[in-house]
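Please read the structure below before turning to the comments.
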Amino acid sequence: MPIWGFLSLLSNVILIGAIILLYWRQQSANGLFSPTSTPTLAPIDNPSPSPTPELGKRHKLTYKQWEDILKREANVAATKRPQHLTILAGDSLSLWFPTQLLPEQREWLNQGISGETSQGLWKRLKLFAQTEPETILVMIGINDLIKGISNQEILENHRRIITYLQKAHPKTQIVIQSILPHGGENATWEGKEKLLAISNNTIRQLNQELQNLAAKENIKYLDLHPLFIDNQGNLSPELSTDGLHLNSQGYLVWRSALQLYSDMVLTREKLLSVTNQKNP
């Protein structure tokens, strides 16, 4: 293995280890491993499958209605210009990220839509084009796979997304996040047969291609996949509601990853960029 490849692998291993450590510390802080305390997050000891997260009336909105809401929210962010604005761009996994679990010290704009595909996301990037985010986090692709869209088309749409974001937000840190695995035979999602038609090996291969694309386009890649798998390489049932979506524990893992990645990579890079601008 080339030395740069080894260093990249070592860096990923260190980051994953740090994320796991932070996750356990955060759970301990919330009393999740204390037999005498009540968990502050949703319990996971119920043997029956947890329901898919409910959004009330918002859950029944049409795609166009969702676009209108996200456009209005983006316009507010564009007007107020909050510091350290971070955008979540993606599908229902991003959409249902609990606000209280998002990392602090950042302002968050959620631009997720349930059922979104990579092509759909690419077509609506203009909705937040007038904002000035510090970071844009993209996670998209699982719905493409469910719909039978090829890896090649998914990669091409990611390339279009990256190209647009680099042009519209030249000073922004763009991060492609890996696609998460699904729960396999343990999944209870209503479209389980569609999930089973997708091999988790296929998802791993696609993630590798996404990582290669990110490196080629000189943007960041955050590999979340190893944090969510069980011994069989499926989405861990302890982190999921139905084998596709995440529960509170799953979002806490994701939050830990974002916090560590921000502290170890994004903040350091931002400081270096500012230093270089002051001392050309």
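In the structure tokens, chains take letters A, B, ... by order of appearance, with residues numbered from 1 within each chain and ligands from 1 in the order shown.
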Rows by chain and residue number, region 72-101 of chain A within 9 Å of region 125-133 of chain A, shortest pair, only C-alpha atoms, as a tab-separated table:
residue	atom	partner	partner_atom	distance
A:Arg72	CA	A:Leu127	CA	8.7
A:Glu73	CA	A:Phe128	CA	8.7
A:Ala74	CA	A:Phe128	CA	5.2
A:Asn75	CA	A:Phe128	CA	7.2
A:Val76	CA	A:Thr131	CA	8.9
A:Ala77	CA	A:Thr131	CA	6.2
A:Ala78	CA	A:Thr131	CA	4.2
A:Thr79	CA	A:Thr131	CA	7.9
A:Arg81	CA	A:Glu132	CA	6.7
A:Pro82	CA	A:Glu132	CA	8.4
A:Gln83	CA	A:Pro133	CA	8.1
A:His84	CA	A:Pro133	CA	6.8
A:Leu85	CA	A:Pro133	CA	4.6
A:Thr86	CA	A:Pro133	CA	5.5
A:Ile87	CA	A:Pro133	CA	6.8
A:Ala89	CA	A:Leu125	CA	8.6
Could you write those residues out with N, CA, C and O atoms, as a compact mmCIF listing (two decimals), in the first residue's frame?
# COMPACT_ATOMS: atom_id res chain seq x y z
N ARG A 72 -38.38 28.99 1.87
CA ARG A 72 -38.63 30.08 2.83
C ARG A 72 -37.60 30.05 3.95
O ARG A 72 -37.09 31.11 4.36
N GLU A 73 -37.30 28.85 4.45
CA GLU A 73 -36.31 28.74 5.53
C GLU A 73 -34.92 29.16 5.05
O GLU A 73 -34.17 29.81 5.78
N ALA A 74 -34.60 28.82 3.81
CA ALA A 74 -33.30 29.23 3.25
C ALA A 74 -33.26 30.74 3.04
O ALA A 74 -32.20 31.37 3.25
N ASN A 75 -34.37 31.34 2.67
CA ASN A 75 -34.41 32.79 2.47
C ASN A 75 -34.17 33.52 3.80
O ASN A 75 -33.52 34.57 3.83
N VAL A 76 -34.70 32.96 4.88
CA VAL A 76 -34.46 33.56 6.20
C VAL A 76 -32.96 33.50 6.53
O VAL A 76 -32.37 34.48 7.00
N ALA A 77 -32.35 32.35 6.26
CA ALA A 77 -30.91 32.20 6.52
C ALA A 77 -30.10 33.14 5.64
O ALA A 77 -29.06 33.68 6.07
N ALA A 78 -30.55 33.33 4.41
CA ALA A 78 -29.83 34.23 3.49
C ALA A 78 -29.93 35.67 3.94
O ALA A 78 -29.00 36.46 3.74
N THR A 79 -31.04 36.03 4.58
CA THR A 79 -31.24 37.40 5.05
C THR A 79 -30.49 37.66 6.35
O THR A 79 -29.83 38.68 6.50
N ARG A 81 -27.95 35.87 7.64
CA ARG A 81 -26.51 35.57 7.54
C ARG A 81 -25.93 35.08 8.87
O ARG A 81 -24.99 35.69 9.42
N PRO A 82 -26.44 34.02 9.46
CA PRO A 82 -25.90 33.55 10.74
C PRO A 82 -24.47 33.06 10.59
O PRO A 82 -24.07 32.56 9.53
N GLN A 83 -23.69 33.19 11.67
CA GLN A 83 -22.31 32.71 11.65
C GLN A 83 -22.29 31.18 11.76
O GLN A 83 -23.17 30.58 12.37
N HIS A 84 -21.27 30.60 11.16
CA HIS A 84 -21.07 29.16 11.23
C HIS A 84 -22.30 28.38 10.76
O HIS A 84 -22.66 27.35 11.33
N LEU A 85 -22.94 28.89 9.70
CA LEU A 85 -24.11 28.20 9.16
C LEU A 85 -23.68 26.88 8.52
O LEU A 85 -22.73 26.82 7.74
N THR A 86 -24.39 25.83 8.88
CA THR A 86 -24.14 24.51 8.32
C THR A 86 -25.44 23.97 7.74
O THR A 86 -26.48 24.01 8.41
N ILE A 87 -25.39 23.46 6.52
CA ILE A 87 -26.58 22.97 5.83
C ILE A 87 -26.55 21.46 5.74
O ILE A 87 -25.53 20.87 5.33
N ALA A 89 -28.08 18.64 3.61
CA ALA A 89 -28.75 18.45 2.33
C ALA A 89 -28.91 16.97 2.06
O ALA A 89 -27.91 16.24 2.01
Can you tell me which residues surround Ser178 (chain A) at a distance of at most 8 Å, considering only C-alpha atoms, apart from same-chain residues fewer than 2 positions away, and format the answer as a compact mmCIF listing (two decimals) with N, CA and C atoms, in the first residue's frame?
# COMPACT_ATOMS: atom_id res chain seq x y z
N MET A 139 -25.79 14.00 2.20
CA MET A 139 -25.98 12.55 2.25
C MET A 139 -27.16 12.20 1.36
N ILE A 176 -19.14 15.29 1.46
CA ILE A 176 -19.99 14.19 1.05
C ILE A 176 -19.95 13.13 2.14
N LEU A 180 -25.57 5.08 4.28
CA LEU A 180 -25.64 4.12 5.38
C LEU A 180 -26.14 2.76 4.89
N ASN A 207 -19.93 3.61 -1.81
CA ASN A 207 -19.26 4.54 -0.90
C ASN A 207 -17.79 4.72 -1.27
N LEU A 210 -17.70 7.02 -4.08
CA LEU A 210 -17.98 8.38 -3.64
C LEU A 210 -16.75 9.00 -2.98
N GLN A 211 -16.02 8.19 -2.22
CA GLN A 211 -14.79 8.67 -1.60
C GLN A 211 -13.76 9.04 -2.66
N TYR A 221 -14.78 14.00 2.52
CA TYR A 221 -15.61 12.81 2.56
C TYR A 221 -15.64 12.30 3.99
N LEU A 222 -16.84 12.10 4.53
CA LEU A 222 -17.00 11.59 5.89
C LEU A 222 -17.60 10.20 5.82
N ASP A 223 -16.82 9.20 6.21
CA ASP A 223 -17.25 7.80 6.13
C ASP A 223 -17.97 7.41 7.43
N LEU A 224 -19.29 7.47 7.40
CA LEU A 224 -20.10 7.11 8.55
C LEU A 224 -20.41 5.61 8.59
N HIS A 225 -20.30 4.95 7.46
CA HIS A 225 -20.75 3.57 7.30
C HIS A 225 -20.24 2.62 8.40
Alpha helix (DSSP H) call set, DSSP backbone run, region 84-240 of chain A, as a PyMOL selection string: chain A and resi 92-95+118-123+142-146+151-168+192-196+200-216
Selection near Tyr63 (chain A), 12 Å with only C-alpha atoms, sequence-local residues under 5 positions removed, as a ChimeraX atom specification: /A:58,68-70,91,112-117,120-121,124
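With only C-alpha atoms as the atoms that count, the residue of A:Lys192, A:Leu101, A:Ile229, A:Thr202 with the shortest distance to Ser256 (chain A) is A:Leu101.
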DSSP strand (DSSP E or B) selection over region 169-252 of chain A, as a list in words: Gln173, Ile174, Val175, Ile176, Gln177, Lys220, Tyr221, Leu222, Ile229, Leu235, Ser240 and Leu246 of chain A
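Going from CA of Pro237 (chain A) to CA of Ala187 (chain A) covers 8.2 Å.
Taking only C-alpha atoms into account, Glu156 (chain A) lies nearest to A:Leu213 out of the set A:Leu213, A:Ile203, A:Ile174, A:Ile142.
Here the question is which of A:Ile179, A:Ala214, A:Ile198, A:Leu95 gets nearest to Lys147 (chain A) using only C-alpha atoms, and that residue is A:Ile198.
Interatomic distance, CA of Ser92 (chain A) to CA of Gln152 (chain A): 22.5 Å.
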Nearest-residue call for Leu88 (chain A), choices A:Gln249, A:Val265, A:Ser118, A:Thr135, using only C-alpha atoms: A:Thr135
